[in-house]
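> Handing you a structure now.
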Amino acid sequence: MRTIDVAEVTKNIKEMCIEANHFLARDMDKAMKQAAQDEKSPLGKQILCQLQDNLKIAGEDMIPICQDTGMAVIFMEIGQDVHLVGGSLEDAVNEGVRQGYTEGYLRKSVVGDPLIRENTKDNTPAVIHYDIVSGDGLKITVAPKGFGSENMSRVFMLKPADGIEGVKNAILTAVRHAGPNACPPMVVGVGIGGTFEKCALLAKKALARPVDERSEIPYVRDLEEEMLEKINRTGIGPGGLGGTTTALAVNINTYPTHIAGLPVAVNICCHVNRHVVRII
Amino acid sequence: MERYIQAPISKEEAAGLHSGDYVYITGTIYTARDAAHKRMYEALERGETLPLPMEGSMIYYMGPSPAREGRPIGSAGPTTASRMDKYAPSLLDLGLAGMIGKGRRSDAVREAIVRNGAVYFAAVGGAGALLSKSITKSEVVAYDDLGTEAIRKLEVENFPAIVVIDSQGNNLYDTAIKEYAEDVFGEA
């Protein structure tokens with residue numbers, strides 16, 4: 001049994017919210033640099049070079065990469081041999097978000113009720129996903145999610161008979177529908193299988209996977225590569241203004257499902273695909 | 001074509017802009033996004049006046065992050081314009097001459113743009129740090145309680161944007177992708 005004070009969680013989440021909004025993770029940074037080199041359209045290249053300048057300014061002047069500093073999505077992988085002390089874990093997570101967003105000059109983009117729509121003024125509450133895993137570790141992933149791209153995400157409840165062609169069609173449909181609204185070049189997170197809510201969570205987790213890491217399942221890896229290649233031939237391009245870089249990666253996660261179903265979730269993220277991971 | 005333009009903008013100058021032009025905007029523009037548009041729309045329904053001038057004005061669909069000490073504004077990139085589609089035609093009919101955002105517009109907005117000789121510009125989405133460098137002054141002029149969604153009067157200097165829908169209704173989102181688009185659906 002290992003004891004962790006939840007104050008540790010607050011402190012780390014505060015720092016991670018600020019870090020995620022000012023610095024891209026290594027994988028995303030590399031993918032964006034590569035895209036600026038490879039893009040065929042002159043306007044597309046110009047936009048990707050501006051995004052390089054943007055990243056430089058964000059880091060040097062501590063101005064958030066994007067003004068939409070997101071709703072804080074937080075994955076907590078908690079070892080079953082961990083004993084958390086010092087108060088409520090959920091409160092500690094939200095306190096970290098509150099401190100990060102207020103002290104870090106991040107935008108407060110959360111309304112307390114979806115229809116009454118009053119801003120909570122500190123970007124809380126976070127969306128928290130807990131997983132209980134073996135061991136005595138605590139792994140925190142902070143992935144602030146912007147809503148330009150979140151709004152273009154979809155769930156498709158396909159039939160088993162739709163098969164892999166149906167999945168490909170669903171991904172392309174979501175990407176084409178997203179077009180310029182999702183701030184391309186985008187990262188496409190896909191969840192296949194599970195239930196209605198499980199596939200959406202798989203897709204969200206897929207976005208937090210480094211973009212240069214392919215699935216370990218051979219057919220899924222092939223599908224990721226094929227879909228990326230196809231998406232980059234839709235012509236949408238950087239900013240949706242034409243070009244050969246529409247997506248930086250397609251990350252797909254799968255899970256067992258029911259004999260009657262083939263759920264597919266496509267969670268689209270803009271080029272500011274933020275994920276910071278720490279293990280406590 | 002690269003163009004340097006002033007805001008507010010005259011009808012003549014707006015008419016001279018073409019879909020695909022790369023522009024640098026200097027002058028005074030206003031910010032408004034979802035909540036501010038809803039309030040303006042409701043004010044118009046009640047027959048009240050709007051808190052900003054419409055004739056020749058440009059509205060930037062943007063809600064900034066907070067400014068650090070000594071800076072006029074925080075990160076300041078465009079938000080998705082289609083969420084303002086419900087409200088934009090009424091404002092265009094009152095003289096609004098330019099909108100800056102990102103993403104597609106509805107047919108009704110495109111028609112209102114043509115009817116009024118206005119322009120829809122896109123700024124690069126996700127470039128909020130870079131774009132903040134073109135904003136020299138920011139002042140909340142209405143709906144202060146809305147926080148980031150308040151209406152702000154901005155002074156901009158060579159703010160970079162691209163003409164997407166021009167006063168004739170040409171739409172760069174439709175035309176630009178054609179050059180690079182292949183029929184990937186047929187293969188799926």
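How things are named: the first chain in the structure tokens is A, the next is B, and so on; residues count from 1 in each chain; ligands count from 1 in the order shown.
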Please identify all residues of chain B having at least one atom at most 9 Å from any atom of chain A, considering only C-alpha atoms, and return them as a ChimeraX atom specification.
/B:62-68,74-82,102-104,122-132,146-148,164,172-185,187-188
> Just list the residues in segment 62-228 of chain A DSSP gives strand (DSSP E or B) on the backbone, as a compact mmCIF listing (two decimals) with N, CA and C atoms, in the first residue's frame.

```txt
# COMPACT_ATOMS: atom_id res chain seq x y z
N MET A 71 -11.90 22.61 -22.35
CA MET A 71 -12.47 22.03 -21.13
C MET A 71 -11.42 21.01 -20.70
N ALA A 72 -11.10 20.98 -19.41
CA ALA A 72 -10.01 20.11 -18.95
C ALA A 72 -10.50 18.66 -18.86
N VAL A 73 -10.02 17.83 -19.79
CA VAL A 73 -10.32 16.40 -19.74
C VAL A 73 -9.14 15.74 -19.03
N ILE A 74 -9.42 14.99 -17.99
CA ILE A 74 -8.35 14.41 -17.18
C ILE A 74 -8.57 12.92 -16.98
N PHE A 75 -7.55 12.15 -17.36
CA PHE A 75 -7.57 10.71 -17.15
C PHE A 75 -6.72 10.39 -15.92
N MET A 76 -7.32 9.66 -14.99
CA MET A 76 -6.60 9.26 -13.77
C MET A 76 -6.51 7.74 -13.77
N GLU A 77 -5.29 7.22 -13.89
CA GLU A 77 -5.10 5.78 -13.76
C GLU A 77 -4.54 5.53 -12.37
N ILE A 78 -5.36 4.95 -11.54
CA ILE A 78 -5.02 4.82 -10.12
C ILE A 78 -4.71 3.35 -9.80
N GLY A 79 -3.51 3.13 -9.33
CA GLY A 79 -3.13 1.78 -8.92
C GLY A 79 -3.99 1.32 -7.75
N VAL A 82 -2.92 2.01 -4.14
CA VAL A 82 -2.69 3.39 -3.70
C VAL A 82 -3.78 3.80 -2.71
N HIS A 83 -3.36 4.43 -1.65
CA HIS A 83 -4.32 4.99 -0.69
C HIS A 83 -4.21 6.51 -0.75
N LEU A 84 -5.28 7.14 -1.21
CA LEU A 84 -5.27 8.60 -1.35
C LEU A 84 -5.78 9.24 -0.07
N VAL A 85 -4.99 10.17 0.47
CA VAL A 85 -5.37 10.84 1.71
C VAL A 85 -5.37 12.36 1.53
N VAL A 111 -19.44 26.53 -18.77
CA VAL A 111 -20.69 27.02 -18.18
C VAL A 111 -21.23 25.94 -17.24
N ASN A 119 -21.16 31.16 -16.87
CA ASN A 119 -19.77 30.75 -16.79
C ASN A 119 -19.37 30.51 -15.34
N VAL A 127 -13.68 17.30 -16.78
CA VAL A 127 -14.28 16.01 -17.13
C VAL A 127 -13.24 14.97 -16.73
N ILE A 128 -13.57 14.16 -15.73
CA ILE A 128 -12.57 13.24 -15.15
C ILE A 128 -12.94 11.80 -15.45
N HIS A 129 -11.99 11.05 -15.97
CA HIS A 129 -12.20 9.61 -16.20
C HIS A 129 -11.23 8.84 -15.30
N TYR A 130 -11.79 7.95 -14.47
CA TYR A 130 -10.96 7.17 -13.55
C TYR A 130 -10.83 5.74 -14.05
N ASP A 131 -9.62 5.22 -14.00
CA ASP A 131 -9.40 3.80 -14.26
C ASP A 131 -8.64 3.24 -13.06
N ILE A 132 -9.12 2.12 -12.53
CA ILE A 132 -8.39 1.46 -11.46
C ILE A 132 -7.54 0.37 -12.12
N VAL A 133 -6.22 0.46 -11.91
CA VAL A 133 -5.30 -0.48 -12.56
C VAL A 133 -4.48 -1.20 -11.47
N LEU A 138 0.27 6.23 -9.86
CA LEU A 138 -0.83 7.14 -10.17
C LEU A 138 -0.40 7.89 -11.44
N LYS A 139 -1.12 7.61 -12.54
CA LYS A 139 -0.78 8.25 -13.81
C LYS A 139 -1.87 9.25 -14.15
N ILE A 140 -1.43 10.47 -14.38
CA ILE A 140 -2.39 11.55 -14.70
C ILE A 140 -2.13 12.02 -16.13
N THR A 141 -3.20 12.08 -16.93
CA THR A 141 -3.11 12.69 -18.26
C THR A 141 -4.04 13.89 -18.29
N VAL A 142 -3.49 15.05 -18.60
CA VAL A 142 -4.30 16.25 -18.74
C VAL A 142 -4.39 16.57 -20.23
N ALA A 143 -5.61 16.58 -20.75
CA ALA A 143 -5.82 16.79 -22.18
C ALA A 143 -6.93 17.83 -22.40
N PRO A 144 -6.59 19.13 -22.27
CA PRO A 144 -7.60 20.17 -22.47
C PRO A 144 -8.15 20.09 -23.89
N LYS A 145 -9.48 20.13 -24.02
CA LYS A 145 -10.09 19.91 -25.36
C LYS A 145 -10.84 21.15 -25.82
N ARG A 154 -18.42 12.75 -33.91
CA ARG A 154 -19.66 12.00 -34.17
C ARG A 154 -19.60 10.60 -33.59
N VAL A 155 -20.77 10.06 -33.29
CA VAL A 155 -20.89 8.63 -32.97
C VAL A 155 -21.80 8.00 -34.01
N PHE A 156 -21.36 6.88 -34.57
CA PHE A 156 -22.16 6.15 -35.56
C PHE A 156 -22.46 4.76 -34.99
N MET A 157 -23.72 4.41 -34.87
CA MET A 157 -24.06 3.06 -34.42
C MET A 157 -24.27 2.21 -35.68
N LEU A 158 -23.17 1.64 -36.19
CA LEU A 158 -23.23 0.87 -37.44
C LEU A 158 -23.78 -0.53 -37.16
N MET A 186 -5.92 18.23 -38.53
CA MET A 186 -6.53 17.66 -37.33
C MET A 186 -5.88 16.34 -36.94
N VAL A 187 -6.21 15.91 -35.74
CA VAL A 187 -5.87 14.56 -35.32
C VAL A 187 -7.20 13.85 -35.15
N VAL A 188 -7.31 12.64 -35.71
CA VAL A 188 -8.58 11.94 -35.69
C VAL A 188 -8.48 10.76 -34.71
N GLY A 189 -9.26 10.84 -33.64
CA GLY A 189 -9.31 9.75 -32.66
C GLY A 189 -10.54 8.90 -32.95
N VAL A 190 -10.33 7.60 -33.07
CA VAL A 190 -11.45 6.73 -33.43
C VAL A 190 -11.58 5.62 -32.38
N GLY A 191 -12.81 5.37 -31.96
CA GLY A 191 -13.11 4.24 -31.08
C GLY A 191 -14.03 3.30 -31.82
N ILE A 192 -13.68 2.03 -31.87
CA ILE A 192 -14.52 1.04 -32.55
C ILE A 192 -14.86 -0.05 -31.54
N GLY A 193 -16.15 -0.34 -31.38
CA GLY A 193 -16.57 -1.42 -30.50
C GLY A 193 -17.11 -0.90 -29.18
N GLY A 194 -17.27 -1.82 -28.21
CA GLY A 194 -17.84 -1.45 -26.92
C GLY A 194 -19.32 -1.16 -27.04
```
> If we count only C-alpha atoms and set the cut-off at 6 Å, which residues sit around Cys17 of chain A, ignoring sequence neighbours fewer than 3 positions away in its own chain? Please answer as a VMD selection string.
chain A and resid 14 20 100
> Neighbours of Ala142 of chain B within 9 Å (only C-alpha atoms; same-chain residues fewer than 4 positions away dropped), as an mmCIF file with N, CA and C atoms, in the first residue's frame?

```
data_model
loop_
_atom_site.group_PDB
_atom_site.id
_atom_site.type_symbol
_atom_site.label_atom_id
_atom_site.label_comp_id
_atom_site.auth_asym_id
_atom_site.auth_seq_id
_atom_site.Cartn_x
_atom_site.Cartn_y
_atom_site.Cartn_z
ATOM 1 N N ALA B 36 -22.813 37.125 -26.785
ATOM 2 C CA ALA B 36 -23.019 38.530 -27.159
ATOM 3 C C ALA B 36 -23.969 38.633 -28.354
ATOM 4 N N PRO B 51 -25.107 47.945 -28.890
ATOM 5 C CA PRO B 51 -24.035 48.637 -28.168
ATOM 6 C C PRO B 51 -22.804 48.947 -29.017
ATOM 7 N N LEU B 52 -22.882 48.696 -30.323
ATOM 8 C CA LEU B 52 -21.753 49.058 -31.183
ATOM 9 C C LEU B 52 -22.301 49.514 -32.530
ATOM 10 N N LEU B 146 -20.198 39.037 -19.293
ATOM 11 C CA LEU B 146 -20.003 37.810 -20.070
ATOM 12 C C LEU B 146 -18.551 37.334 -20.092
ATOM 13 N N ALA B 150 -17.650 39.040 -23.615
ATOM 14 C CA ALA B 150 -18.052 40.446 -23.675
ATOM 15 C C ALA B 150 -17.697 41.036 -25.043
ATOM 16 N N ILE B 151 -18.359 42.156 -25.388
ATOM 17 C CA ILE B 151 -18.012 42.832 -26.640
ATOM 18 C C ILE B 151 -16.812 43.748 -26.383
ATOM 19 N N ARG B 152 -15.766 43.534 -27.175
ATOM 20 C CA ARG B 152 -14.554 44.331 -27.027
ATOM 21 C C ARG B 152 -14.311 45.167 -28.292
#
```
> DSSP on the backbone: what in segment 125-215 of chain A comes out helix (DSSP H, G or I), as JSON, numbers by chain?
{"A": [147, 148, 149, 150, 160, 161, 162, 163, 164, 165, 166, 167, 168, 169, 170, 171, 172, 173, 174, 175, 176, 177, 178, 179, 180, 181, 182, 196, 197, 198, 199, 200, 201, 202, 203, 204, 205, 206, 207, 208]}
> Would you mind exporting the chosen residues as an mmCIF file, in the first residue's frame, restricted to C-alpha atoms?

```
data_model
loop_
_atom_site.group_PDB
_atom_site.id
_atom_site.type_symbol
_atom_site.label_atom_id
_atom_site.label_comp_id
_atom_site.auth_asym_id
_atom_site.auth_seq_id
_atom_site.Cartn_x
_atom_site.Cartn_y
_atom_site.Cartn_z
ATOM 1 C CA PHE A 147 -14.670 22.807 -28.843
ATOM 2 C CA GLY A 148 -14.248 23.927 -32.458
ATOM 3 C CA SER A 149 -13.204 20.370 -33.185
ATOM 4 C CA GLU A 150 -15.198 18.725 -30.367
ATOM 5 C CA PRO A 160 -22.203 -5.594 -38.078
ATOM 6 C CA ALA A 161 -22.924 -6.016 -41.809
ATOM 7 C CA ASP A 162 -21.431 -2.562 -42.483
ATOM 8 C CA GLY A 163 -18.024 -4.031 -41.636
ATOM 9 C CA ILE A 164 -14.710 -2.300 -42.130
ATOM 10 C CA GLU A 165 -15.985 -0.436 -45.205
ATOM 11 C CA GLY A 166 -18.682 1.087 -43.003
ATOM 12 C CA VAL A 167 -16.051 2.177 -40.494
ATOM 13 C CA LYS A 168 -13.925 3.803 -43.203
ATOM 14 C CA ASN A 169 -16.972 5.590 -44.544
ATOM 15 C CA ALA A 170 -17.897 6.835 -41.059
ATOM 16 C CA ILE A 171 -14.407 8.271 -40.491
ATOM 17 C CA LEU A 172 -14.344 10.012 -43.869
ATOM 18 C CA THR A 173 -17.888 11.333 -43.366
ATOM 19 C CA ALA A 174 -16.931 12.869 -40.015
ATOM 20 C CA VAL A 175 -13.753 14.413 -41.430
ATOM 21 C CA ARG A 176 -15.470 15.832 -44.510
ATOM 22 C CA HIS A 177 -18.271 17.234 -42.374
ATOM 23 C CA ALA A 178 -15.707 18.798 -40.011
ATOM 24 C CA GLY A 179 -13.779 20.442 -42.856
ATOM 25 C CA PRO A 180 -12.531 23.949 -42.029
ATOM 26 C CA ASN A 181 -14.538 24.167 -38.787
ATOM 27 C CA ALA A 182 -12.254 21.778 -36.896
ATOM 28 C CA PHE A 196 -22.433 3.779 -27.154
ATOM 29 C CA GLU A 197 -20.431 5.512 -24.395
ATOM 30 C CA LYS A 198 -17.457 3.144 -24.467
ATOM 31 C CA CYS A 199 -16.621 3.874 -28.106
ATOM 32 C CA ALA A 200 -16.662 7.621 -27.408
ATOM 33 C CA LEU A 201 -14.235 7.139 -24.519
ATOM 34 C CA LEU A 202 -12.004 4.947 -26.701
ATOM 35 C CA ALA A 203 -11.907 7.730 -29.279
ATOM 36 C CA LYS A 204 -11.059 10.350 -26.659
ATOM 37 C CA LYS A 205 -8.266 8.176 -25.288
ATOM 38 C CA ALA A 206 -6.976 7.607 -28.811
ATOM 39 C CA LEU A 207 -6.412 11.381 -29.108
ATOM 40 C CA ALA A 208 -4.138 11.282 -26.073
#
```
> Name all residues at most 8 Å from segment 4-10 of chain B (count only C-alpha atoms; drop same-chain ones fewer than 5 positions away) and give them as a VMD selection string.
chain B and resid 23 to 29 56 to 58 97 to 98 158
> Write a file of the selected residues as a compact mmCIF listing (two decimals), in the first residue's frame, keeping C-alpha atoms.

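Result written to selection_37.txt:
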```
# COMPACT_ATOMS: atom_id res chain seq x y z
CA VAL B 23 -5.50 40.93 -46.36
CA TYR B 24 -3.90 42.88 -43.53
CA ILE B 25 -6.49 44.80 -41.53
CA THR B 26 -5.65 48.00 -39.65
CA GLY B 27 -8.08 50.06 -37.60
CA THR B 28 -10.97 49.42 -35.21
CA ILE B 29 -12.87 46.14 -35.04
CA GLY B 56 -19.07 49.53 -42.06
CA SER B 57 -18.02 47.66 -38.91
CA MET B 58 -16.17 44.37 -38.70
CA ALA B 97 -19.59 44.97 -43.45
CA GLY B 98 -17.15 42.32 -42.32
CA ASN B 158 -1.89 44.55 -40.00
```
> Between atom CA of Leu24 of chain A and atom CA of Glu69 of chain B, what is the distance, to one decimal in Å?
24.0 Å
> Counting only C-alpha atoms, which of B:Pro72, B:Gly186, B:Gly16, B:Pro89 gets nearest to Glu139 of chain B?
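Result for the nearest residue to Glu139 of chain B: B:Pro72.
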> Please report the interatomic distance between atom CA of Glu111 of chain B and atom CA of Pro160 of chain B in Å with one decimal.
24.9 Å
> If you measure from atom CA of Arg221 of chain A to atom CA of Thr254 of chain A, what distance in Å do you get, rounded to one decimal?
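That distance, rounded to one decimal, is 11.2 Å.
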> Select, from B:Glu55, B:Glu2, B:Asp107, B:Glu42, the residue with the minimum atom-to-atom distance to Tyr22 of chain B, counting only C-alpha atoms.
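Checking each candidate against Tyr22 of chain B, we get B:Glu2 as the closest.
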> Restricting the calculation to only C-alpha atoms: of B:Tyr30, B:Phe159, B:Tyr60, B:Tyr87, which residue gets closest to Glu45 of chain B?
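Selected residue with least distance to Glu45 of chain B: B:Tyr87.
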